[in-house]
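Each remark here refers to the structure printed beneath this line.
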Number of protein chains: 2
Amino acid sequence: MSGPSQGRITIKEVAEAAGVGVATVSRVLSGGSASAETREKVLAAAARLDYRPSALGRNLRRRRTGGIGLLVPDITDSFYARLTDGVLSCARSYGEPVTVGVTGDDPEREAELIGTLIEQSMDRVIAVPSGDGEMWAPALRAGLNVVFADRRVRTDVPSVVPDDRAGVLTAVEYLAGLGHRKIAYIGRHAQSQRVAAFRAAIASLGLPADRDLVVHARSSRDSAYAAAAGLLQHRPDVTAVIAGGNVLGEAAVLAARELDVRIPRDVSLIMFDDVPWAELCSPPLTVIAQPAQDIGYRAAELVLRHGRRPPAVTLPTQLVVRASCGPKVSSPRR
Amino acid sequence: MSGPSQGRITIKEVAEAAGVGVATVSRVLSGGSASAETREKVLAAAARLDYRPSALGRNLRRRRTGGIGLLVPDITDSFYARLTDGVLSCARSYGEPVTVGVTGDDPEREAELIGTLIEQSMDRVIAVPSGDGEMWAPALRAGLNVVFADRRVRTDVPSVVPDDRAGVLTAVEYLAGLGHRKIAYIGRHAQSQRVAAFRAAIASLGLPADRDLVVHARSSRDSAYAAAAGLLQHRPDVTAVIAGGNVLGEAAVLAARELDVRIPRDVSLIMFDDVPWAELCSPPLTVIAQPAQDIGYRAAELVLRHGRRPPAVTLPTQLVVRASCGPKVSSPRR
DNA sequence: GTGAAAGCGCTAACAG
DNA sequence: CTGTTAGCGCTTTCAC
């Protein structure tokens with residue numbers, strides 16, 4: 001016929017084909033009011049032409065891009081992959097596309113990604129913040145709808161986090177119950193709440209609290225390994241360690257093997273985050289399971305439902321006992 | 001001051017502030033020609049106002065969304081997470097946002113996601129195709145720029161894949177060298193090339209080729225476990241198995257333990273895809289390492305550089321020997 | 001070299 | 001209930 005055979009088909013062409021105005025087509029397609037007859041005609045025309053409304057036009061008009069932005073430190077880390085899966089799963093049920101960015105836990109890179117997001121006029125974002133979240137201030141002021149996941153670093157941003165306090169306390173209590181007193185914590189630098197929770201737990205049980213008992217690592221496998229190896233080498237007196245994440249746990253197992261430190265005979269190990277391989281590991285790892293997927297899902301719900309936004313939702317963790325912890329032996333290692 | 005203090009600042013306001021026309025601002029900002037003096041003024045104004053060009057306006061005008069769409073079966077699977085990381089890494093250097101979707105290896109869900117992508121006018125996509133890729137035909141016809149990753153299911157789509165033939169052959173030869181003859185393969189249903197490669201390798205070495213020696217699983221942990229357990233139970237004569245992916249490998253180890261089948265004494269195991277925990281596993285797993293990250297990176301390069309698009313790039317795999325394979329013992333298991 | 005003007009496809013007023 | 005119209009912010013002819 002006459003319409004441009006080239007390019008994608010637009011609302012105008014549907015309107016012509018249906019013999020109505022473009023506004024009517026728009027209305028019908030977005031569930032507005034229209035007579036049954038008109039609705040019929042429009043729907044038929046749209047179907048016949050295989051019309052797909054362009055998100056471009058709509059977004060420009062509405063001055064915002066639909067969809068949600070997601071910023072995680074490392075998509076390769078099982079925890080964040082599962083968190084991402086939760087976000088995607090929720091977003092899918094709303095038909096919202098998700099744009100993913102990797103920050104590498106680097107505030108600078110994070111700021112850059114935020115820039116990209118606002119350039120896209122993406123007004124809803126879920127992020128695992130890298131630092132203290134100060135670079136979010138401008139975006140927040142600009143009305144960006146953001147929800148933090150996994151880490152709560154600003155009280156003015158709704159956050160979905162695991163119950164670190166309870167998780168850490170459970171781990172420490174379990175270890176203390178086994179007779180351990182010198183308990184160390186290896187964590188990511190960013191995870192300050194968890195460290196605080198650890199110190200609190202240690203204190204509440206009257207255990208020794210050297211500063212050296214918490215060691216920090218950046219979120220790379222190498223850094224994790226270095227931290228674990230350093231701890232194991234320099235502190236033969238610690239008999240139990242808590243690894244603040246699956247990458248840290250993996251590093252701890254590797255370092256222990258390399259240094260010929262036996263788990264759990266020489267040192268007991270509890271890892272934050274349950275992963276499929278924890279059971280396959282030798283020995284199977286006792287872990288504090290975290291609901292990574294749920295965290296993502298809930299965060300997505302929060303960011304999608306603009307309505308009531310509670311300041312923070314905390315999801316429970318769970319101790320899964322396997323075989324990487326044992327009673328403290330009386331003689332120090334080596 | 002007259003400009004609307006509300007909302008984001010537009011090119012028009014920059015033009016006013018710089019005392020030039022909007023076209024000039026646009027030209028300067030996209031590197032077009034302009035006098036040094038004008039350029040100066042525009043840049044100054046833009047900086048002063050902290051102007052960020054809206055991707056919305058640009059995209060509508062250009063009738064295409066920048067950025068790239070990425071469709072993977074399961075972001076939770078380490079292999080696809082690493083592939084995704086590769087894509088993100090490459091895209092970042094181009095400043096292109098990446099929209100990720102999870103297909104669950106379900107062609108229907110995949111088609112749905114393709115729909116979402118074209119609705120967004122996203123014209124570049126990387127996908128790990130679920131089925132035979134037939135649902136891509138319309139999108140392809142519509143001029144969508146797509147490249148396949150990990151699986152080559154259509155010859156009319158550029159693809160970046162691991163060298164399955166060589167990888168499988170290496171694994172089979174290694175196992176055969178250890179004396180194994182009844183070698184089984186557990187793979188995803190979709191991975192037809194790998195199965196073909198397996199049969200070819202078996203044939204070329206003159207090994208038995210029962211149909212039951214290749215068993216399929218859907219890409220879920222449960223399905224993988226069922227497949228592995230079934231194989232181990234019903235075929236006590238097989239002495240070696242090749243798992244077509246890390247999820248399958250994990251399932252095989254679990255199933256073997258459950259059924260009290262010892263690795264490598266009772267059966268040898270080679271897993272496709274090297275993952276951090278392969279070394280931590282008991283026993284450490286011998287694997288065919290795949291360059292997941294590279295696959296993603298190269299695919300992104302391909303889709304970003306519209307130019308010369310080779311029909312397929314094949315990336316090498318590598319046998320990493322650890323401790324999950326042993327010589328065949330003369331007596332059959334049990 | 002620069003500005004004015006015409007839209008990209010869509011939705012939201014506003015009339016009819 | 002429905003059509004006409006005015007842009008959303010940007011790029012791109014096309015004159016000057």
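Residue numbering restarts at 1 for every chain of the structure tokens, chains are lettered A, B, ... in their displayed order, and ligands are numbered from 1 as they appear.
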Quiz item: What are the residues of chain C that have an atom within 8 Å of an atom of chain B, counting only C-alpha atoms (C1' of nucleotides), as a list in words?
Solution: DG1, DT2, DG3, DC8 and DG9 of chain C
Quiz prompt | strand (DSSP E) positions in range 25-109 of chain B, given as number ranges by chain | solution = B: 68-72, 98-102
Quiz item: Distance CA of Ala229 in chain B-CA of Ala255 in chain B, one decimal place?
Solution: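 Those two atoms sit 5.1 Å apart.
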Exercise. With a distance threshold of 10 Å and counting only C-alpha atoms (C1' of nucleotides), extract the residues of chain D near chain A and express them as a ChimeraX atom specification.
Key: /D:1-4,7-9
Write a file of the just-selected residues containing C-alpha atoms (C1' of nucleotides), as a compact mmCIF listing (two decimals), in the first residue's frame.
```txt
# COMPACT_ATOMS: atom_id res chain seq x y z
C1' DC D 1 -15.90 9.31 23.38
C1' DT D 2 -12.53 10.96 20.07
C1' DG D 3 -9.48 13.97 17.18
C1' DT D 4 -6.21 17.88 16.96
C1' DG D 7 5.74 19.50 22.60
C1' DC D 8 9.57 16.00 25.34
C1' DG D 9 15.49 16.97 23.96
```
Can you check which parts of chain A lie within 6 Å of chain B? Per residue, the shortest pair of atoms and distance in Å to one decimal, counting only C-alpha atoms, sorted by chain and number, as CSV.
```
residue,atom,partner,partner_atom,distance
A:Ser54,CA,B:Glu119,CA,5.4
A:Ala55,CA,B:Gln120,CA,5.0
A:Leu56,CA,B:Leu60,CA,5.4
A:Leu60,CA,B:Leu56,CA,5.5
A:Thr76,CA,B:Ala81,CA,5.3
A:Ala81,CA,B:Thr76,CA,5.3
A:Arg82,CA,B:Thr76,CA,5.6
A:Val98,CA,B:Thr99,CA,5.4
A:Thr99,CA,B:Thr99,CA,4.1
A:Glu119,CA,B:Ser54,CA,5.4
A:Gln120,CA,B:Ala55,CA,5.0
A:Leu280,CA,B:Cys281,CA,5.3
A:Cys281,CA,B:Cys281,CA,4.5
A:Ser282,CA,B:Ser282,CA,5.3
```
Let's have the selection written as a JSON list (two decimals), in the first residue's frame, with C-alpha atoms.
```json
[["chain", "number", "residue", "atom", "x", "y", "z"],
["A", 54, "SER", "CA", 8.40, 2.49, 20.72],
["A", 55, "ALA", "CA", 9.76, 2.95, 24.20],
["A", 56, "LEU", "CA", 11.83, 5.79, 22.77],
["A", 60, "LEU", "CA", 11.01, 11.08, 25.83],
["A", 76, "THR", "CA", 31.34, -12.89, 39.03],
["A", 81, "ALA", "CA", 25.10, -12.93, 40.79],
["A", 82, "ARG", "CA", 22.28, -14.32, 42.90],
["A", 98, "VAL", "CA", 17.43, -3.95, 33.84],
["A", 99, "THR", "CA", 20.72, -2.27, 33.02],
["A", 119, "GLU", "CA", 22.30, 10.31, 31.14],
["A", 120, "GLN", "CA", 19.86, 7.57, 30.21],
["A", 280, "LEU", "CA", 31.71, -30.00, 47.87],
["A", 281, "CYS", "CA", 34.69, -28.45, 49.58],
["A", 282, "SER", "CA", 37.07, -30.45, 51.62]]
```
Exercise. Tell me, as a list in words, which residues lie within 7 Å of range 147-151 of chain B, counting only C-alpha atoms (C1' of nucleotides); anything in the same chain fewer than 5 positions away does not count.
Key: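 Skipping anything fewer than 5 positions along the chain leaves Val125, Ile126, Ala127, Val128, Pro129, Val157, Pro158, Ser159, Val160, Val161, Pro162, Ile295, Gly296, Ala299 and Val303 of chain B.
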Practice problem: Quick one: pull the distance between CA of Leu248 in chain B and CA of Ala224 in chain A, Å, one decimal. | Solution: 27.6 Å
Quiz prompt | Between CA of Leu144 in chain B and CA of Val72 in chain A, distance in Å (one decimal) | solution =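 Here the two named atoms are 28.5 Å from each other.
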Exercise. Using DSSP on the backbone, list every residue of range 135-288 of chain B that comes out as alpha helix (DSSP H), and give them as an MDAnalysis selection string.
Key: chainID B and resid 137:141 164:177 192:204 221:234 246:258 277:280
Quiz item: Quick one: residues within 12 Å of Gly230 in chain B, only C-alpha atoms (C1' of nucleotides) counted, chain neighbours fewer than 3 positions away excluded, as an MDAnalysis selection string?
Solution: chainID B and resid 184 186 212:217 223:227 233:236 251:252 255:256 258:259
Please write the residues from the selection above to a file, keeping N, CA and C atoms, as a short mmCIF file (atom, residue, chain, number, x, y, z; two decimals), in the first residue's frame.
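Writing the result to again.cif gives the following:
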```cif
data_model
loop_
_atom_site.label_atom_id
_atom_site.label_comp_id
_atom_site.auth_asym_id
_atom_site.auth_seq_id
_atom_site.Cartn_x
_atom_site.Cartn_y
_atom_site.Cartn_z
N ALA B 184 30.87 -41.63 29.42
CA ALA B 184 29.55 -41.00 29.24
C ALA B 184 29.67 -39.49 29.23
N ILE B 186 27.37 -35.99 30.07
CA ILE B 186 26.14 -35.38 30.57
C ILE B 186 26.13 -33.94 30.11
N ASP B 212 22.74 -44.47 25.17
CA ASP B 212 22.56 -44.09 26.58
C ASP B 212 23.78 -43.41 27.18
N LEU B 213 24.86 -43.41 26.44
CA LEU B 213 26.07 -42.85 26.98
C LEU B 213 26.07 -41.32 26.96
N VAL B 214 25.10 -40.75 26.26
CA VAL B 214 24.97 -39.31 26.43
C VAL B 214 23.61 -39.02 27.05
N VAL B 215 23.65 -38.34 28.17
CA VAL B 215 22.41 -38.03 28.86
C VAL B 215 22.23 -36.51 28.95
N HIS B 216 20.98 -36.12 28.77
CA HIS B 216 20.67 -34.69 28.73
C HIS B 216 20.03 -34.20 30.02
N ALA B 217 20.29 -32.95 30.32
CA ALA B 217 19.63 -32.32 31.46
C ALA B 217 19.19 -30.93 31.04
N SER B 223 17.60 -30.78 37.71
CA SER B 223 17.64 -31.59 36.51
C SER B 223 19.03 -32.19 36.32
N ALA B 224 20.03 -31.39 36.62
CA ALA B 224 21.41 -31.87 36.49
C ALA B 224 21.66 -33.03 37.44
N TYR B 225 21.19 -32.87 38.66
CA TYR B 225 21.39 -33.93 39.65
C TYR B 225 20.69 -35.21 39.22
N ALA B 226 19.47 -35.06 38.77
CA ALA B 226 18.71 -36.23 38.33
C ALA B 226 19.43 -36.96 37.21
N ALA B 227 19.94 -36.19 36.29
CA ALA B 227 20.64 -36.80 35.16
C ALA B 227 21.88 -37.56 35.62
N GLN B 233 23.53 -44.61 38.46
CA GLN B 233 22.80 -45.78 38.95
C GLN B 233 22.60 -46.85 37.89
N HIS B 234 22.16 -46.39 36.71
CA HIS B 234 21.76 -47.35 35.69
C HIS B 234 22.91 -47.90 34.86
N ARG B 235 24.02 -47.22 34.90
CA ARG B 235 25.13 -47.69 34.07
C ARG B 235 26.38 -47.95 34.89
N PRO B 236 26.37 -49.02 35.67
CA PRO B 236 27.55 -49.33 36.48
C PRO B 236 28.77 -49.63 35.61
N ALA B 251 26.74 -31.41 40.13
CA ALA B 251 25.71 -32.43 40.34
C ALA B 251 26.32 -33.83 40.32
N ALA B 252 27.27 -34.03 39.43
CA ALA B 252 27.90 -35.34 39.32
C ALA B 252 28.64 -35.70 40.61
N ALA B 255 26.01 -36.42 43.29
CA ALA B 255 25.34 -37.68 43.05
C ALA B 255 26.27 -38.86 43.36
N ALA B 256 27.50 -38.73 42.96
CA ALA B 256 28.48 -39.79 43.22
C ALA B 256 28.61 -40.04 44.72
N GLU B 258 26.45 -39.35 47.03
CA GLU B 258 25.20 -39.89 47.54
C GLU B 258 25.09 -41.38 47.26
N LEU B 259 25.55 -41.77 46.10
CA LEU B 259 25.45 -43.17 45.68
C LEU B 259 26.67 -43.97 46.09
#
```
Quiz item: Within 9 Å of Ile202 in chain A, counting only C-alpha atoms (C1' of nucleotides), which residues qualify if same-chain residues fewer than 5 places away don't, as an MDAnalysis selection string?
Solution: chainID A and resid 169 172:173 181 183 197 207:209
Self-check item: Within 9 Å of Gly244 in chain A using only C-alpha atoms (C1' of nucleotides), minus same-chain residues under 5 positions, as an MDAnalysis selection string
Solution: chainID A and resid 185:188 191 194 249 270:273
